[in-house]
Amino acid sequence: MSVRVKVLLHANFRETVGKREIIEEINSNSTLRDILDKLAQKYGRDFKQIVDPGTGAISLEFLVSINGRIMRDANVKLNNDDVLILSIPVGGG
């Protein structure tokens, strides 16, 4: 069985993919890491950098949220109709 996840893309992710949002179908037991790996295979370098290879967590250089909650754990399970947002933190002064 598969689940559908809406992925909203901001900043360099939107430029890389050429779309504001995409729908990804993944296996029902998939994690955030699994969908990020799938996106990296499809779209390349920008997506590969989201998970810190040293810690296995979401890199602090990226802003990743699921259904409005900021995520740092790449092993969180995804559910049908989840909304994943990929962006970069914006600072200002």
# chains A, B, ... in the order shown; residues from 1 in each chain; ligands from 1
>>> residues_around(residues="stretch 61-77 of chain A", least_positions_apart="3", cutoff="7 Å", atoms="only C-alpha atoms", output="VMD selection string")
chain A and resid 29 to 33 50 56 to 58 82 to 89
>>> write_last_selection(atoms="N, CA and C atoms", output="PDB file, in the first residue's frame")
ATOM      1  N   ASN A  29       5.092   2.514   4.979  1.00  0.00           N
ATOM      2  CA  ASN A  29       5.964   2.564   6.159  1.00  0.00           C
ATOM      3  C   ASN A  29       7.151   3.496   5.966  1.00  0.00           C
ATOM      4  N   SER A  30       7.076   4.384   5.001  1.00  0.00           N
ATOM      5  CA  SER A  30       8.206   5.258   4.680  1.00  0.00           C
ATOM      6  C   SER A  30       8.390   6.359   5.717  1.00  0.00           C
ATOM      7  N   THR A  31       9.647   6.790   5.820  1.00  0.00           N
ATOM      8  CA  THR A  31      10.015   7.864   6.740  1.00  0.00           C
ATOM      9  C   THR A  31      10.350   9.128   5.952  1.00  0.00           C
ATOM     10  N   LEU A  32      10.554  10.195   6.690  1.00  0.00           N
ATOM     11  CA  LEU A  32      10.995  11.448   6.082  1.00  0.00           C
ATOM     12  C   LEU A  32      12.290  11.228   5.310  1.00  0.00           C
ATOM     13  N   ARG A  33      13.220  10.474   5.886  1.00  0.00           N
ATOM     14  CA  ARG A  33      14.479  10.177   5.198  1.00  0.00           C
ATOM     15  C   ARG A  33      14.218   9.483   3.860  1.00  0.00           C
ATOM     16  N   ILE A  50      20.049  17.779   2.690  1.00  0.00           N
ATOM     17  CA  ILE A  50      19.097  18.039   3.772  1.00  0.00           C
ATOM     18  C   ILE A  50      19.424  17.222   5.017  1.00  0.00           C
ATOM     19  N   GLY A  56      22.728  12.062  10.894  1.00  0.00           N
ATOM     20  CA  GLY A  56      21.517  11.419  10.408  1.00  0.00           C
ATOM     21  C   GLY A  56      20.267  12.260  10.633  1.00  0.00           C
ATOM     22  N   ALA A  57      20.437  13.456  11.183  1.00  0.00           N
ATOM     23  CA  ALA A  57      19.311  14.358  11.448  1.00  0.00           C
ATOM     24  C   ALA A  57      19.190  15.376  10.316  1.00  0.00           C
ATOM     25  N   ILE A  58      18.078  16.089  10.313  1.00  0.00           N
ATOM     26  CA  ILE A  58      17.900  17.167   9.345  1.00  0.00           C
ATOM     27  C   ILE A  58      18.911  18.262   9.662  1.00  0.00           C
ATOM     28  N   ASP A  82      -0.014  13.799   4.295  1.00  0.00           N
ATOM     29  CA  ASP A  82       0.895  14.714   4.984  1.00  0.00           C
ATOM     30  C   ASP A  82       1.328  15.804   4.010  1.00  0.00           C
ATOM     31  N   VAL A  83       1.632  16.975   4.557  1.00  0.00           N
ATOM     32  CA  VAL A  83       2.166  18.080   3.759  1.00  0.00           C
ATOM     33  C   VAL A  83       3.577  18.357   4.253  1.00  0.00           C
ATOM     34  N   LEU A  84       4.534  18.149   3.378  1.00  0.00           N
ATOM     35  CA  LEU A  84       5.953  18.346   3.669  1.00  0.00           C
ATOM     36  C   LEU A  84       6.389  19.659   3.029  1.00  0.00           C
ATOM     37  N   ILE A  85       7.013  20.524   3.819  1.00  0.00           N
ATOM     38  CA  ILE A  85       7.521  21.792   3.294  1.00  0.00           C
ATOM     39  C   ILE A  85       9.038  21.783   3.381  1.00  0.00           C
ATOM     40  N   LEU A  86       9.689  22.090   2.273  1.00  0.00           N
ATOM     41  CA  LEU A  86      11.147  22.163   2.206  1.00  0.00           C
ATOM     42  C   LEU A  86      11.551  23.596   1.889  1.00  0.00           C
ATOM     43  N   SER A  87      12.402  24.159   2.744  1.00  0.00           N
ATOM     44  CA  SER A  87      12.830  25.543   2.576  1.00  0.00           C
ATOM     45  C   SER A  87      14.193  25.731   3.235  1.00  0.00           C
ATOM     46  N   ILE A  88      14.622  26.967   3.289  1.00  0.00           N
ATOM     47  CA  ILE A  88      15.835  27.320   4.020  1.00  0.00           C
ATOM     48  C   ILE A  88      15.465  28.400   5.028  1.00  0.00           C
ATOM     49  N   PRO A  89      16.132  28.406   6.189  1.00  0.00           N
ATOM     50  CA  PRO A  89      15.830  29.449   7.171  1.00  0.00           C
ATOM     51  C   PRO A  89      16.188  30.826   6.609  1.00  0.00           C
TER      52      PRO A  89
END
>>> select_by_dssp(residues="chain A", states="strand (DSSP E)", output="list in words")
Ser2, Val3, Arg4, Val5, Lys6, Val7, Leu8, Leu9, Glu21, Ile22, Ile23, Glu24, Glu25, Ile26, Asn27, Leu63, Val64, Ser65, Ile66, Arg69, Ile70, Val83, Leu84, Ile85, Leu86 and Ser87 of chain A
>>> closest_residue(among="A:Ile26, A:Gly91, A:Phe13, A:Ser2", to="A:Lys48", atoms="only C-alpha atoms")
A:Phe13
>>> residues_around(residues="stretch 18-20 of chain A", least_positions_apart="5", cutoff="8 Å", atoms="only C-alpha atoms", output="JSON, numbers by chain")
{"A": [8, 9, 10]}
>>> write_last_selection(atoms="C-alpha atoms", output="compact mmCIF listing (two decimals), in the first residue's frame")
# COMPACT_ATOMS: atom_id res chain seq x y z
CA LEU A 8 5.71 22.27 -1.06
CA LEU A 9 8.97 23.66 -2.39
CA HIS A 10 10.55 27.00 -1.54
>>> atom_distance(atom1="atom CA of A:Gly44", atom2="atom CA of A:Thr16")
8.4 Å
>>> residues_around(residues="A:Asn79", least_positions_apart="3", cutoff="8 Å", atoms="only C-alpha atoms", output="short mmCIF file (atom, residue, chain, number, x, y, z; two decimals) with C-alpha atoms, in the first residue's frame")
data_model
loop_
_atom_site.label_atom_id
_atom_site.label_comp_id
_atom_site.auth_asym_id
_atom_site.auth_seq_id
_atom_site.Cartn_x
_atom_site.Cartn_y
_atom_site.Cartn_z
CA VAL A 3 0.59 6.95 0.74
CA ARG A 4 0.52 10.31 -1.00
CA VAL A 5 2.52 13.21 0.37
CA SER A 28 3.11 3.13 3.67
CA ASP A 82 0.90 14.71 4.98
#
>>> atom_distance(atom1="atom CA of A:Met1", atom2="atom CA of A:Tyr43")
24.4 Å
>>> select_by_dssp(residues="chain A", states="helix (DSSP H, G or I)", output="list of chain:residue names")
A:Ala11, A:Asn12, A:Phe13, A:Arg14, A:Glu15, A:Thr16, A:Val17, A:Leu32, A:Arg33, A:Asp34, A:Ile35, A:Leu36, A:Asp37, A:Lys38, A:Leu39, A:Ala40, A:Gln41, A:Lys42, A:Tyr43, A:Arg45, A:Asp46, A:Phe47, A:Lys48
